[in-house]
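A.B. asks: The structure that follows is given in the form of structure tokens.
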Amino acid sequence: MDPARRREAASSDRHICLVFIAGAVRQFDRRISGVSMTGAGMKNGHFSGRIVSLDGLRGLAALLVAVYHLPFIFGFKVTHAYLAVDFFFILSGWVMAHSYEERIRLGMPFRAFLHNRFARLYPLYAVALVAALAVTVIKSRIGTMPANIACFVPNALMLPCLQDGVSTFPWNGPSWSIFVEVCINLIWFPAVRMGMHTLRWKLALHLGSVLLLWGFAVWMNRYLAGYESDDLHEGLLRGLLGFAGGLLLFQCRMHAWILAYFAALTLGVFGAFYAVGDTADVIPLGIVVMGVLPGTVWLAARLRPAILEGRAAAFLGDCSYAIYLLHVPLVMLLQKPLRLMFPGTGIADYMMKAAIFTAILLFVSNISYRLLEVPARRWLLQRLKRGLRVAAAGSVP
């Protein structure tokens with residue numbers, strides 16, 4: 001073969017190798033993402049519809065909160081399981097960006113946004129509050145539990161009760177995070193409308209919230225709370241950090257570099273507490289809040305693992321809001337009967353109490369989703385549409 005043909009053949013071989021390598025890289029990227037670019041849950045390279053993996057994780061986190069609040073039922077306590085609430089805030093940011101950001105940018109009325117959020121959050125919130133009130137009043141009548149009626153009115157309006165020595169939502173403690181979410185939603189809508197929805201804005205918001213929350217935590221040498229009247233601002237900071245993180249994760253849902261960003265922030269939190277002396281063991285919490293939780297959300301949405309994509313995960317996702325809001329009223333009702341049925345403190349007694357309570361909680365939560373949350377939301381949104389049509393007709397000269 002003459003030199004010219006030899007060079008042409010070598011060039012052709014190099015081209016074929018480059019094409020093969022490029023194809024292999026693309027295939028590897030698709031494999032590591034866990035979904036094809038046109039697979040379930042994605043459309044034209046972007047997520048669309050329900051991501052069951054995130055719903056399933058939300059349900060598991062809600063159960064973890066219930067275990068944390070009820071050691072007398074389950075027989076043990078996961079010490080830092082309250083960080084599941086920070087996980088909820090991250091998921092909230094992701095979901096709100098996915099469900100509403102584009103609609104707000106395209107001119108969704110503030111009234112419609114409020115009505116949508118009210119229809120999603122308030123029906124079950126109100127039922128859980130009334131149920132807790134009813135059980136508390138009955139128990140106060142028979143002298144087994146004090147009743148603080150003064151907090152009912154602000155709590156019914158989804159506002160905290162600002163009494164000294166009383167939690168902000170004494171009837172149903174987990175409701176404090178719903179108040180925080182509502183506050184952040186009310187701030188987020190005008191921010192998006194004013195154009196603060198780009199990656200640059202979201203990075204600035206997240207970095208600002210990181211500096212605020214962890215600066216405060218370093219100063220106090222502890223992680224923040226948020227459910228008492230004197231630390232209400234702490235809950236708002238936790239909500240802001242998580243929500244901003246969720247917005248950023250959704251914006252960067254196709255880019256793995258966001259994991260390096262959160263890893264760098266985690267190292268920064270580690271370094272800050274290491275420098276001042278971490279006497280309260282906050283460093284592990286910082287690693288979870290800044291690294292593990294955001295990474296879990298991004299990877300679950302990206303990889304879509306089969307174990308989190310089945311019917312069980314979808315079921316837990318449907319029940320998650322009710323699990324979170326109903327486990328306290330339900331245990332107020334069932335604690336004494338379960339204690340009478342299983343008075344011992346052995347493993348067998350705790351296992352029976354835990355199994356019975358969990359089964360009842362899941363059953364009630366499923367009924368709540370199917371017979372309360374979905375129908376109430378549909379009815380309220382239908383009323384909204386009728387109200388908007390009437391208002392539009394009335395404005396026509």
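Residues are referred to by chain and number: the chain letter is A, B, ... according to the order shown in the structure tokens, the number counts from 1 in that chain, and ligands are numbered separately from 1 in the order shown.
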Skipping near chain neighbours, those fewer than 4 positions away, what residues fall within 12 Å of A:Leu248 using only C-alpha atoms, listed as a PyMOL selection string?
C.D. replies: chain A and resi 90-98+197-207+241-244+252-255+257-259+261-262+294-295+297-298
A.B. asks: Out of A:Arg383, A:His327, A:Arg339, A:Arg141, which residue has the shortest atom-to-atom distance to A:Val67 when counting only C-alpha atoms?
C.D. replies: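 Counting only C-alpha atoms, the residue closest to A:Val67 is A:His327.
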A.B. asks: If I take atom CA of A:Val276 and atom CA of A:Gly226, how far is one from the other in Å, to one decimal?
C.D. replies: 23.5 Å
A.B. asks: Neighbouring residues of A:Leu361 were defined as those with any atom within 10 Å, considering only C-alpha atoms; residues of the same chain fewer than 6 positions away were excluded. Please report them as an NGL selection string.
C.D. replies: :A and (63 or 66 or 319 or 322-324 or 326-327 or 330-331 or 355 or 367)
A.B. asks: Find the residues of stretch 291-347 of chain A that sit at most 8 Å from stretch 168-178 of chain A; for each, write down the nearest two atoms and how far apart they are in Å, to one decimal. Count only C-alpha atoms. Sort by chain, then by number going up, and give it as CSV.
C.D. replies:
```
residue,atom,partner,partner_atom,distance
A:Tyr324,CA,A:Pro174,CA,7.1
A:Leu325,CA,A:Pro174,CA,6.5
A:Val328,CA,A:Asn172,CA,6.3
A:Pro329,CA,A:Asn172,CA,7.0
```
A.B. asks: Pull C-alpha atoms from the residues just selected and write them as a PDB file, in the first residue's frame.
C.D. replies:
```
ATOM      1  CA  TYR A 324     -46.993  13.947  58.741  1.00  0.00           C
ATOM      2  CA  LEU A 325     -50.055  15.829  60.000  1.00  0.00           C
ATOM      3  CA  VAL A 328     -49.929  13.317  66.467  1.00  0.00           C
ATOM      4  CA  PRO A 329     -53.766  13.484  66.669  1.00  0.00           C
TER       5      PRO A 329
END
```
A.B. asks: Given only C-alpha atoms as the basis, pick out the residue of A:Thr279, A:Ser365, A:Thr266, A:Ser140 nearest to A:Leu293.
C.D. replies: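 Once distances to A:Leu293 are computed over only C-alpha atoms, the minimum belongs to A:Thr266.
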A.B. asks: Given only C-alpha atoms as the basis, pick out the residue of A:Val52, A:Ala62, A:Ala301, A:Val153 nearest to A:Ser320.
C.D. replies: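 Looking at the shortest contact to A:Ser320, the residue is A:Ala62.
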A.B. asks: Find the residues near stretch 334-338 of chain A: any atom within 9 Å, counting only C-alpha atoms, skip ones fewer than 3 places away on the same chain, and give them as an NGL selection string.
C.D. replies: :A and (72-73 or 329-331 or 341-343 or 352-353 or 356-357)
A.B. asks: So which one's closest to A:Val180, A:Glu373, A:Glu234, A:Glu102, A:Asp164? Using only C-alpha atoms, please.
C.D. replies: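 Residue with the minimum atom-to-atom distance to A:Val180: A:Glu234.
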A.B. asks: Please provide as a list of chain:residue names all residues within 10 Å of A:Val130, with the sequence filter that same-chain residues fewer than 4 positions apart are discarded (counting only C-alpha atoms).
C.D. replies: A:Leu124, A:Tyr125, A:Ala126, A:Ala134, A:Val135, A:Thr136, A:Phe152, A:Ala156, A:Trp171, A:Asn172, A:Pro329
A.B. asks: Which residues are close to A:Pro123, i.e. within 10 Å by only C-alpha atoms, leaving aside same-chain residues fewer than 5 positions away? Reply as an MDAnalysis selection string.
C.D. replies: chainID A and resid 118 128 372:377 380
A.B. asks: Given the choices A:His233, A:Arg193, A:Arg120, A:Arg311, which gets closest to A:Tyr369 if the distance is worked out from only C-alpha atoms?
C.D. replies: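 The answer is A:Arg120, which sits nearest to A:Tyr369.
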A.B. asks: Can you pull out every residue from stretch 40-264 of chain A that DSSP, working from the backbone, puts in alpha helix (DSSP H), and format the result as an MDAnalysis selection string?
C.D. replies: chainID A and resid 52:69 71:74 84:96 102:105 110:141 152:156 175:193 199:220 232:251 257:264
A.B. asks: Which residue is closest to A:Ala81? Choose from A:Val137, A:Val288, A:Trp379, A:Ser53 and count only C-alpha atoms.
C.D. replies: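 Nearest candidate to A:Ala81 out of A:Val137, A:Val288, A:Trp379, A:Ser53: A:Val288.
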A.B. asks: One number please: atom CA of A:Trp214 to atom CA of A:Ile283, in Å, one decimal.
C.D. replies: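 Those two atoms sit 10.8 Å apart.
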A.B. asks: Excluding A:Ala300 and any residue of its chain fewer than 3 positions from it, enumerate the residues within 9 Å of it, using only C-alpha atoms, and give them as JSON, numbers by chain.
C.D. replies: {"A": [51, 53, 54, 57, 295, 296, 297, 303, 304, 305, 308]}
